[in-house]
Amino acid sequence: MKNTLILIFAMLASVAFAQTEVEPFEHIKTFGNVSVVLTQGDSYAYTADENRSELKISVKEGTLKISHKQNQRMWSERTVVEVTYKVLRSIYASAGSEVVHKAIMEVDALDLDFDSGAFARLTIDAQSLEANVGEGAVLKLHGTSRVLDAAATTVAVLKAMDFKAQTVYVRANTGGQASVHAIEKIEAKASMGGMISYFGDPEYVKSSETMGGNIRG
């Protein structure tokens, strides 16, 4: 995965492609064999590599959607898309998509939803962050937030030990794994083989383990 991310940035640095402006959006949805590199800026636009012809990219009702064309999705090469945005409210990635950000994301509130083998590595400075991972997805977080509300299900992995939140609400089940960092308060629930590890020294700890769930701090 690390080698893949290095390749993404190398491609973007060495090859220049035309930027396409789009309608304003505050949400992103990406599907399939796509690597999305996010940059906060003063416009709404994207730049795609030489595999652009294989993609479907559109904005509808404030959501930027990126995917491969239906008949090419299963065997297409990974396509790199660089997206420039002004403000983001949510990111959804599925079916093996990758999402990275070039710098720190500064937001008031952000919803992250990753499933079906999607991968993301993000550094975020937020007031409130909601993060859900499922079905083998992996989400790596760095940064800070006043509140983190997170869930890991169906053998997905949330690595947020370097994401420091004042208050953390976290759930893990059906083999999901979550690592979080709580400063003042944490409420954790683990069930059906879910595992939660928490770091920091919160004054308030409330935990619930059922059906083989495990919580350790």
# chains A, B, ... in the order shown; residues from 1 in each chain; ligands from 1
$ select_by_dssp --residues "chain A" --states "strand (DSSP E)" --output "ChimeraX atom specification"
/A:20-21,27-31,34-40,45-48,55-60,63-68,79-85,90-94,98-101,105-114,119-133,138-153,157-173,177-191,195-199,204-210,214-216
$ closest_atom_pairs --of "region 143-187 of chain A" --to "region 123-136 of chain A" --cutoff "6 Å" --atoms "only C-alpha atoms" --output "JSON lines"
{"residue": "A:Gly143", "atom": "CA", "partner": "A:Ile124", "partner_atom": "CA", "distance": 4.9}
{"residue": "A:Thr144", "atom": "CA", "partner": "A:Asp125", "partner_atom": "CA", "distance": 5.1}
{"residue": "A:Ser145", "atom": "CA", "partner": "A:Ala126", "partner_atom": "CA", "distance": 4.7}
{"residue": "A:Arg146", "atom": "CA", "partner": "A:Gln127", "partner_atom": "CA", "distance": 4.9}
{"residue": "A:Val147", "atom": "CA", "partner": "A:Ser128", "partner_atom": "CA", "distance": 4.8}
{"residue": "A:Leu148", "atom": "CA", "partner": "A:Leu129", "partner_atom": "CA", "distance": 5.0}
{"residue": "A:Asp149", "atom": "CA", "partner": "A:Glu130", "partner_atom": "CA", "distance": 4.7}
{"residue": "A:Ala150", "atom": "CA", "partner": "A:Ala131", "partner_atom": "CA", "distance": 4.6}
{"residue": "A:Ala151", "atom": "CA", "partner": "A:Asn132", "partner_atom": "CA", "distance": 4.8}
{"residue": "A:Ala152", "atom": "CA", "partner": "A:Val133", "partner_atom": "CA", "distance": 4.9}
{"residue": "A:Thr153", "atom": "CA", "partner": "A:Gly134", "partner_atom": "CA", "distance": 4.7}
{"residue": "A:Thr154", "atom": "CA", "partner": "A:Glu135", "partner_atom": "CA", "distance": 4.8}
{"residue": "A:Val155", "atom": "CA", "partner": "A:Gly136", "partner_atom": "CA", "distance": 5.1}
{"residue": "A:Ala156", "atom": "CA", "partner": "A:Gly136", "partner_atom": "CA", "distance": 4.1}
$ residues_around --residues "Ala45 (chain A)" --least-positions-apart "3" --cutoff "9 Å" --atoms "only C-alpha atoms" --output "list in words"
Gln19, Thr20, Glu21, Val22, Glu23, Pro24, Glu82, Val83, Thr84 and Tyr85 of chain A
$ closest_residue --among "A:Ile215, A:Val36, A:Val205, A:Ala172" --to "Ser191 (chain A)" --atoms "only C-alpha atoms"
A:Ala172
$ residues_around --residues "Ser67 (chain A)" --least-positions-apart "2" --cutoff "7 Å" --atoms "only C-alpha atoms" --output "ChimeraX atom specification"
/A:30-32,55-57,65,69
$ write_last_selection --atoms "N, CA and C atoms" --output "short mmCIF file (atom, residue, chain, number, x, y, z; two decimals), in the first residue's frame"
data_model
loop_
_atom_site.label_atom_id
_atom_site.label_comp_id
_atom_site.auth_asym_id
_atom_site.auth_seq_id
_atom_site.Cartn_x
_atom_site.Cartn_y
_atom_site.Cartn_z
N THR A 30 -16.42 7.64 -4.56
CA THR A 30 -15.53 7.01 -5.53
C THR A 30 -15.64 5.50 -5.43
N PHE A 31 -15.62 4.84 -6.59
CA PHE A 31 -15.83 3.40 -6.66
C PHE A 31 -14.78 2.77 -7.56
N GLY A 32 -14.34 1.58 -7.21
CA GLY A 32 -13.51 0.81 -8.11
C GLY A 32 -12.03 1.15 -8.06
N LEU A 55 -13.03 6.42 -17.24
CA LEU A 55 -13.76 6.90 -16.08
C LEU A 55 -15.12 7.49 -16.39
N LYS A 56 -15.97 7.45 -15.38
CA LYS A 56 -17.21 8.21 -15.37
C LYS A 56 -17.09 9.22 -14.22
N ILE A 57 -17.09 10.49 -14.54
CA ILE A 57 -16.97 11.54 -13.54
C ILE A 57 -18.10 12.54 -13.75
N LYS A 65 -19.01 12.24 -8.26
CA LYS A 65 -18.94 10.79 -8.35
C LYS A 65 -17.86 10.38 -9.35
N LYS A 69 -16.07 2.98 -16.02
CA LYS A 69 -17.21 2.59 -16.82
C LYS A 69 -17.56 1.15 -16.55
#
$ residues_around --residues "Val157 (chain A)" --least-positions-apart "6" --cutoff "9 Å" --atoms "only C-alpha atoms" --output "mmCIF file with C-alpha atoms, in the first residue's frame"
data_model
loop_
_atom_site.group_PDB
_atom_site.id
_atom_site.type_symbol
_atom_site.label_atom_id
_atom_site.label_comp_id
_atom_site.auth_asym_id
_atom_site.auth_seq_id
_atom_site.Cartn_x
_atom_site.Cartn_y
_atom_site.Cartn_z
ATOM 1 C CA VAL A 133 -15.207 1.437 7.932
ATOM 2 C CA GLY A 134 -16.603 -1.927 6.842
ATOM 3 C CA GLY A 136 -12.243 -5.039 4.749
ATOM 4 C CA ALA A 137 -11.664 -1.314 4.310
ATOM 5 C CA VAL A 138 -8.656 0.352 5.965
ATOM 6 C CA LEU A 139 -8.653 3.948 7.224
ATOM 7 C CA LYS A 140 -5.532 5.571 8.685
ATOM 8 C CA GLY A 176 -13.648 -5.108 12.908
ATOM 9 C CA GLN A 177 -10.629 -3.499 14.583
ATOM 10 C CA ALA A 178 -10.359 0.072 15.858
ATOM 11 C CA SER A 179 -7.440 1.896 17.476
#
$ residues_around --residues "Glu187 (chain A)" --least-positions-apart "4" --cutoff "9 Å" --atoms "only C-alpha atoms" --output "list of chain:residue names"
A:Thr167, A:Val168, A:Tyr169, A:Val170, A:Arg171, A:Tyr204, A:Val205, A:Lys206, A:Ser207, A:Ser208
$ residues_around --residues "Asn51 (chain A)" --least-positions-apart "2" --cutoff "10 Å" --atoms "only C-alpha atoms" --output "ChimeraX atom specification"
/A:48-49,53-55,68,76-81
$ write_last_selection --atoms "C-alpha atoms" --output "PDB file, in the first residue's frame"
ATOM      1  CA  ALA A  48      -7.021  12.591 -14.445  1.00  0.00           C
ATOM      2  CA  ASP A  49      -4.120  10.587 -15.837  1.00  0.00           C
ATOM      3  CA  SER A  53     -11.273   7.605 -21.000  1.00  0.00           C
ATOM      4  CA  GLU A  54     -12.071   4.693 -18.687  1.00  0.00           C
ATOM      5  CA  LEU A  55     -13.755   6.898 -16.076  1.00  0.00           C
ATOM      6  CA  HIS A  68     -14.863   3.249 -13.966  1.00  0.00           C
ATOM      7  CA  SER A  76      -8.990  -1.588 -15.880  1.00  0.00           C
ATOM      8  CA  GLU A  77      -5.645  -0.322 -14.620  1.00  0.00           C
ATOM      9  CA  ARG A  78      -5.723   1.905 -11.550  1.00  0.00           C
ATOM     10  CA  THR A  79      -6.508   5.483 -12.526  1.00  0.00           C
ATOM     11  CA  VAL A  80      -5.219   8.496 -10.588  1.00  0.00           C
ATOM     12  CA  VAL A  81      -7.563  11.466 -10.208  1.00  0.00           C
TER      13      VAL A  81
END
$ closest_residue --among "A:Arg121, A:His142, A:His27, A:Lys60" --to "Ser90 (chain A)" --atoms "only C-alpha atoms"
A:His27
$ atom_distance --atom1 "CA of Thr63 (chain A)" --atom2 "CA of Ile91 (chain A)"
9.5 Å
$ atom_distance --atom1 "CA of Leu112 (chain A)" --atom2 "CA of Ala18 (chain A)"
28.6 Å
$ atom_distance --atom1 "CA of Tyr198 (chain A)" --atom2 "CA of Ile186 (chain A)"
8.5 Å
